[in-house]
Every structure is written in C-alpha cells, then in structure tokens.
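> Provided below: run-v8.tsv, containing TSV, C-alpha atoms.
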chain	number	residue	atom	x	y	z
A	43	MET	CA	108.42	123.72	144.01
A	44	ASN	CA	107.16	125.05	147.30
A	45	THR	CA	103.42	124.31	147.72
A	46	LYS	CA	103.02	126.14	151.01
A	47	VAL	CA	100.09	128.56	151.03
A	48	ASN	CA	101.33	132.13	150.82
A	49	LYS	CA	100.56	134.37	153.78
A	50	PRO	CA	97.76	136.62	152.40
A	51	TYR	CA	95.66	133.53	151.71
A	52	GLU	CA	95.67	132.73	155.41
A	53	SER	CA	93.99	136.05	156.25
A	54	LYS	CA	90.23	136.26	156.74
A	55	LEU	CA	90.39	139.98	155.97
A	56	PHE	CA	91.86	139.15	152.58
A	57	ALA	CA	89.00	136.69	152.07
A	58	VAL	CA	86.52	139.48	152.77
A	59	LEU	CA	88.16	141.62	150.07
A	60	LEU	CA	87.99	138.78	147.55
A	61	MET	CA	84.36	138.09	148.40
A	62	LEU	CA	83.44	141.77	148.16
A	63	VAL	CA	85.00	142.24	144.72
A	64	GLY	CA	83.48	138.98	143.48
A	65	LEU	CA	79.98	139.79	144.72
A	66	VAL	CA	80.04	143.36	143.40
A	67	ASP	CA	81.20	142.13	139.99
A	68	LEU	CA	78.53	139.43	139.91
A	69	ALA	CA	75.79	141.79	141.13
A	70	SER	CA	76.67	144.32	138.42
A	71	ILE	CA	76.16	141.65	135.75
A	72	VAL	CA	72.83	140.49	137.20
A	73	TYR	CA	71.59	144.07	137.55
A	74	LYS	CA	72.46	145.00	133.98
A	75	PHE	CA	70.73	141.90	132.64
A	76	PHE	CA	67.43	142.47	134.45
A	77	ALA	CA	67.49	146.27	134.15
A	78	TYR	CA	68.21	146.18	130.42
A	79	ARG	CA	66.48	148.79	128.30
A	80	PHE	CA	66.97	149.66	124.67
A	81	GLU	CA	68.10	153.19	123.87
A	82	TYR	CA	68.51	154.01	120.21
A	83	ASP	CA	71.91	155.25	119.11
A	84	PRO	CA	72.71	155.45	115.38
A	85	THR	CA	76.35	154.55	116.01
A	86	PHE	CA	76.38	152.07	118.87
A	87	SER	CA	72.76	150.81	119.25
A	88	PRO	CA	70.85	151.12	115.97
A	89	VAL	CA	68.88	147.89	116.52
A	90	ASP	CA	67.21	146.36	119.58
A	91	TYR	CA	68.67	142.87	119.78
A	92	GLY	CA	66.99	142.24	123.11
A	93	ARG	CA	68.26	141.38	126.56
A	94	ILE	CA	69.92	138.15	125.42
A	95	LYS	CA	72.61	140.09	123.53
A	96	TYR	CA	74.06	141.21	126.86
A	97	VAL	CA	75.28	137.73	127.79
A	98	MET	CA	76.89	137.35	124.36
A	99	PHE	CA	79.64	139.84	125.12
A	100	PHE	CA	83.07	138.47	126.05
A	101	THR	CA	83.22	141.23	128.67
A	102	VAL	CA	80.22	139.82	130.51
A	103	GLU	CA	81.31	136.20	130.24
A	104	SER	CA	84.89	136.86	131.37
A	105	ASN	CA	83.71	139.00	134.29
A	106	PHE	CA	81.18	136.34	135.27
A	107	LEU	CA	83.90	133.68	135.34
A	108	VAL	CA	86.18	135.95	137.37
A	109	SER	CA	83.42	136.86	139.84
A	110	VAL	CA	82.63	133.18	140.48
A	111	TYR	CA	86.34	132.43	140.85
A	112	LEU	CA	86.83	135.24	143.38
A	113	ILE	CA	83.84	134.10	145.44
A	114	LEU	CA	85.10	130.49	145.47
A	115	LEU	CA	88.62	131.68	146.27
A	116	ALA	CA	87.25	133.69	149.20
A	117	LEU	CA	85.42	130.61	150.48
A	118	THR	CA	88.66	128.65	150.23
A	119	VAL	CA	90.48	131.22	152.35
A	120	PHE	CA	87.57	131.17	154.81
A	121	GLY	CA	88.22	127.46	155.29
A	122	VAL	CA	86.45	125.47	152.56
A	123	LYS	CA	89.62	123.61	151.66
A	124	LYS	CA	87.89	121.28	149.20
A	125	LEU	CA	87.74	124.21	146.78
A	126	ALA	CA	91.52	124.69	146.83
A	127	ARG	CA	92.02	122.17	144.04
A	128	LEU	CA	90.18	124.59	141.75
A	129	THR	CA	90.90	128.01	143.23
A	130	PHE	CA	94.60	127.40	143.91
A	131	ASN	CA	95.08	125.84	140.47
A	132	PRO	CA	97.71	127.96	138.65
A	133	THR	CA	96.21	127.11	135.25
A	134	VAL	CA	92.79	128.47	136.25
A	135	SER	CA	94.21	131.72	137.61
A	136	CYS	CA	96.48	132.25	134.59
A	137	PHE	CA	93.72	131.63	132.06
A	138	LEU	CA	91.15	133.81	133.83
A	139	THR	CA	93.68	136.60	134.20
A	140	THR	CA	94.48	136.35	130.49
A	141	TYR	CA	90.80	136.60	129.53
A	142	ILE	CA	90.08	139.57	131.77
A	143	ILE	CA	93.21	141.42	130.62
A	144	ILE	CA	92.07	141.05	127.00
A	145	THR	CA	88.65	142.35	128.07
A	146	GLY	CA	90.20	145.50	129.50
A	147	LEU	CA	92.64	146.05	126.63
A	148	VAL	CA	90.01	145.72	123.90
A	149	TYR	CA	87.69	148.15	125.68
A	150	CYS	CA	90.38	150.74	126.33
A	151	SER	CA	91.67	150.41	122.75
A	152	GLY	CA	88.12	150.97	121.54
A	153	ILE	CA	88.01	154.30	123.37
A	154	PHE	CA	90.92	155.64	121.33
A	155	LEU	CA	89.59	154.11	118.10
A	156	GLY	CA	86.11	155.51	118.60
A	157	MET	CA	84.58	152.02	118.76
A	158	THR	CA	83.57	152.14	122.44
A	159	GLU	CA	80.31	153.79	123.42
A	160	PRO	CA	81.01	156.89	125.54
A	161	SER	CA	79.95	156.93	129.19
A	162	LYS	CA	76.78	158.72	130.28
A	163	TRP	CA	76.15	159.95	133.81
A	164	ASP	CA	72.91	161.95	133.51
A	165	THR	CA	70.46	159.39	134.99
A	166	PHE	CA	70.66	156.64	137.59
A	167	TYR	CA	70.44	153.97	134.89
A	168	HIS	CA	73.25	155.58	132.88
A	169	PHE	CA	75.29	156.13	136.04
A	170	VAL	CA	75.11	152.45	137.00
A	171	SER	CA	75.67	151.27	133.43
A	172	SER	CA	78.73	153.46	132.97
A	173	GLY	CA	79.98	152.46	136.41
A	174	ASN	CA	79.63	148.82	135.39
A	175	GLN	CA	81.73	149.47	132.29
A	176	ILE	CA	84.49	150.97	134.41
A	177	LEU	CA	84.25	148.11	136.91
A	178	HIS	CA	84.38	145.40	134.24
A	179	HIS	CA	87.13	146.93	132.12
A	180	MET	CA	89.26	149.16	134.35
A	181	ILE	CA	88.97	147.82	137.91
A	182	VAL	CA	88.53	144.04	137.77
A	183	PRO	CA	91.33	143.45	135.18
A	184	PRO	CA	94.09	145.19	137.19
A	185	PHE	CA	92.74	143.59	140.38
A	186	MET	CA	93.14	140.16	138.80
A	187	VAL	CA	96.65	141.04	137.64
A	188	LEU	CA	97.63	142.00	141.20
A	189	LEU	CA	96.04	138.80	142.48
A	190	TYR	CA	97.95	136.79	139.89
A	191	LEU	CA	101.22	138.40	140.99
A	192	LEU	CA	100.36	137.40	144.56
A	193	PRO	CA	99.43	133.73	144.01
A	194	PRO	CA	98.06	131.32	146.65
A	195	THR	CA	101.07	129.02	146.20
A	196	ASN	CA	104.27	128.95	144.18
A	197	GLU	CA	103.01	126.14	141.98
A	198	SER	CA	103.07	126.61	138.23
A	199	PHE	CA	101.79	124.60	135.28
A	200	PRO	CA	103.65	123.04	132.32
A	201	LYS	CA	104.50	125.51	129.58
A	202	LYS	CA	103.44	122.98	126.95
A	203	ARG	CA	99.81	123.37	128.07
A	204	VAL	CA	99.66	127.13	127.65
A	205	TRP	CA	98.02	126.79	124.21
A	206	LEU	CA	94.87	125.54	125.96
A	207	VAL	CA	94.09	129.16	126.85
A	208	GLY	CA	93.06	129.66	123.23
A	209	ILE	CA	90.26	127.06	123.26
A	210	TYR	CA	87.64	129.21	124.97
A	211	PRO	CA	88.14	132.36	122.83
A	212	LEU	CA	88.21	130.17	119.70
A	213	VAL	CA	84.90	128.49	120.59
A	214	TYR	CA	83.46	131.87	121.60
A	215	SER	CA	84.53	133.42	118.29
A	216	LEU	CA	83.16	130.62	116.14
A	217	PHE	CA	79.87	130.64	118.05
A	218	SER	CA	79.56	134.44	117.70
A	219	ILE	CA	80.26	134.34	113.96
A	220	ILE	CA	77.89	131.45	113.26
A	221	ARG	CA	75.12	132.77	115.50
A	222	GLY	CA	75.36	136.20	113.90
A	223	ALA	CA	75.13	134.67	110.44
A	224	VAL	CA	72.08	132.47	111.10
A	225	SER	CA	70.12	134.62	113.56
A	226	ARG	CA	67.26	136.75	112.25
A	227	LEU	CA	68.76	140.10	113.34
A	228	HIS	CA	72.39	139.09	112.63
A	229	PHE	CA	73.77	140.28	115.96
A	230	TYR	CA	77.57	140.20	116.30
A	231	PRO	CA	78.91	141.20	119.74
A	232	TYR	CA	82.00	142.82	118.20
A	233	PRO	CA	82.51	144.37	114.73
A	234	PHE	CA	85.49	142.12	113.88
A	235	TYR	CA	83.11	139.13	113.86
A	236	LYS	CA	80.94	140.76	111.21
A	237	PRO	CA	81.78	139.97	107.54
A	238	ASP	CA	81.08	143.56	106.40
A	239	PHE	CA	83.88	144.75	108.67
A	240	TYR	CA	86.40	143.17	106.31
A	241	THR	CA	84.98	144.81	103.20
A	242	ASP	CA	86.73	148.06	104.09
A	243	LEU	CA	89.64	146.48	105.96
A	244	PHE	CA	90.90	144.21	103.18
A	245	PHE	CA	88.99	145.10	100.01
A	246	GLY	CA	88.78	148.90	100.02
A	247	GLY	CA	85.00	148.92	100.20
A	248	ARG	CA	84.56	146.83	97.05
A	249	GLN	CA	81.78	144.28	97.00
A	250	VAL	CA	83.10	140.72	97.21
A	251	SER	CA	81.55	137.33	97.82
A	252	VAL	CA	80.36	136.40	101.29
A	253	GLY	CA	82.60	133.33	101.20
A	254	LEU	CA	85.67	135.48	100.59
A	255	LEU	CA	84.68	137.77	103.46
A	256	TYR	CA	84.44	134.84	105.85
A	257	LEU	CA	87.74	133.50	104.57
A	258	SER	CA	89.34	136.88	105.24
A	259	MET	CA	88.37	136.47	108.90
A	260	LEU	CA	90.71	133.50	109.26
A	261	PRO	CA	94.05	135.37	109.61
A	262	VAL	CA	92.48	137.87	112.02
A	263	LEU	CA	91.05	135.02	114.10
A	264	ILE	CA	94.40	133.23	114.17
A	265	VAL	CA	96.19	136.41	115.25
A	266	GLY	CA	93.57	136.98	117.96
A	267	ILE	CA	93.99	133.47	119.40
A	268	MET	CA	97.79	133.84	119.27
A	269	ILE	CA	97.50	137.03	121.34
A	270	PHE	CA	95.71	135.06	124.07
A	271	ILE	CA	98.39	132.36	124.00
A	272	LEU	CA	101.30	134.82	124.01
A	273	LEU	CA	99.76	136.81	126.86
A	274	ALA	CA	99.28	133.64	128.91
A	275	ARG	CA	102.87	132.69	128.13
A	276	LEU	CA	104.03	136.10	129.36
A	277	LEU	CA	102.01	135.74	132.57
A	278	LEU	CA	103.53	132.30	133.13
A	279	PHE	CA	107.03	133.72	132.60
A	280	ILE	CA	106.36	136.54	135.08
A	281	LYS	CA	105.01	134.09	137.64
A	282	ASP	CA	108.01	131.79	137.30
A	283	LYS	CA	110.33	134.75	137.86
A	284	GLY	CA	108.35	135.77	140.94
A	285	ASN	CA	108.42	132.23	142.33
A	286	LYS	CA	112.18	132.02	141.95
A	287	LYS	CA	112.61	135.38	143.65
A	288	ARG	CA	110.44	134.34	146.59
A	289	GLU	CA	112.39	131.10	146.91
A	290	GLY	CA	115.68	132.99	146.82
A	291	LYS	CA	116.94	131.33	143.64
Could you show the structure in this file as structure tokens?

Amino acid sequence: MNTKVNKPYESKLFAVLLMLVGLVDLASIVYKFFAYRFEYDPTFSPVDYGRIKYVMFFTVESNFLVSVYLILLALTVFGVKKLARLTFNPTVSCFLTTYIIITGLVYCSGIFLGMTEPSKWDTFYHFVSSGNQILHHMIVPPFMVLLYLLPPTNESFPKKRVWLVGIYPLVYSLFSIIRGAVSRLHFYPYPFYKPDFYTDLFFGGRQVSVGLLYLSMLPVLIVGIMIFILLARLLLFIKDKGNKKREGK
C-alpha cells in the first residue's frame, strides 16, 4: 500500500481550511455551554436539567472529537509531523467520520419525525443556537465525509477491527441509560434511552414492569450498535475502492 502523503495534505492553504473549520466547531460548543439559558418548551424543554445536560448529547461529544481532530490534522499539515501517527491514522478518521455521520442522520431524521426542536431566528441567542445546530448536523458531517474521501495517505486498517467502532456508542448508551435512571431529574439525552419510550413502541401503551422496559431496550441497542459497525464497514469499503482507483489497480 502506498504510504505517500496525498497532495492536498502538503498545502498550507488546506491546513488553514482545516484549522478554520475545527476552531469554529470548537468555539460553537464552548459558546453554547457558557451561554446556556433555559427556555421552557412543553414539547422539547419541559424541565431545566441545567448546563451539564449539554455535554451529554452525542452531537456535542462527536463534534468536539471532530473539532480536536481537525485542529490536530491542521497542525500536522503545518509541519508538526509527530501528530501524523494520530491524525493520519485511517482507523481514527473512519471512526470519527462514522460518529459524525450518525449525528447528522439522527438529527435530520428527527426533523421529519417531529422529534427535533425547530430552529428559531428571532434573537441573537436563538440565531447562534440554530446556527450551531446547522453547523453540527448539516455542515460538519458532510465536510468530514469529503475529508474521508480525500485521505492523507492510501493506508487502510484491517477489516477485522471494524467492530471496535461500536465500543464508544455502546459505552455512551449504557452511561446515558444508567445516569438517567439514577439521577434526580432522570435526564436522558435522547428519547430512545428512556424506558417510557418503549411503553408505546412495544406494549401499546400498557403499563409493564420497569425491568421488562429495560429489557426491551436490548434489541434496539444492538441494532443501533450494528448500524455504527455497518456504516464503518461501508466507509472502509469505499476507501479501499478509492485507494485502488488512485493506484491504478
């Protein structure tokens, strides 16, 4: 496999673009955290869970990881070659791209299902908050996909390790479910982590035991983790095809 650095990653202008996107993404997360304010909404915000709830969203965590990656990747292109072991690692780029794609897909699906809070543009705070939502879900994900299709090198990683992409979302899911169950306000970042969600989904609204509700989460959780793994496998397949095309095979 050719390990030569691909041309864009030798351009300082390209490094500026990477740094700009990474810093804007990171700044949007920091701003939202410190500028947080509770605004009652009977559908989407009935309870004030506090500022800490913001960092519990997969959207925020995946965008934070991507922003740090882009900044480090930019530094690598600028000449900090010691970072290349991390930033040029095909496993890192594939996994981060998988996570951010899921972030965008879930949000956009929520729009059609009526589960995503509508954008508001009437005040500066709402304008920035809605802009952040678009940045995190509709701009950064496709940017990472394009970046993945234009990799630093033609290196790939063993297909047998692709299942590792499911570890982070599994840990995140278990933490979210357990924290929601034991915390005083029972905050769940997404409805499919909440036991009551499955009352209507599987039991037609009938009251069942809490243990059965948690057990009913298991197949949904397994399917969710499999989606991450299958998406990563698809990205790996696409990359391998692109590498062969660039090498003229």
> Pick from A:Leu128, A:Ile269, A:Ala57, A:Leu107: nearest to Val148 in chain A, with all atoms listed in the file counted?
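Of the candidates, the smallest distance to Val148 in chain A is held by A:Ile269.
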> Figure out the distance between CA of Ile181 in chain A and CA of Thr118 in chain A, please, to one decimal in Å.
22.8 Å
> Just want the 7 Å neighbourhood of range 229-239 of chain A, counted on all atoms listed in the file, with same-chain residues fewer than 5 positions away dropped. Output as number ranges by chain.
A: 91, 98-99, 218-219, 222, 255-256
> Could you give me, as a ChimeraX atom specification, the residues within 12 Å of range 174-178 of chain A, counting all atoms listed in the file and dropping anything in the same chain fewer than 3 positions from it?
/A:63-64,66-75,99-109,141-150,153,158-163,167-171,181-186
> My list of candidates is A:Pro261, A:Gly284, A:Pro194, A:Pro84. Which is closest to Ser135 in chain A when distances are computed with only C-alpha atoms?
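Using only C-alpha atoms, the shortest distance to Ser135 in chain A belongs to A:Pro194.
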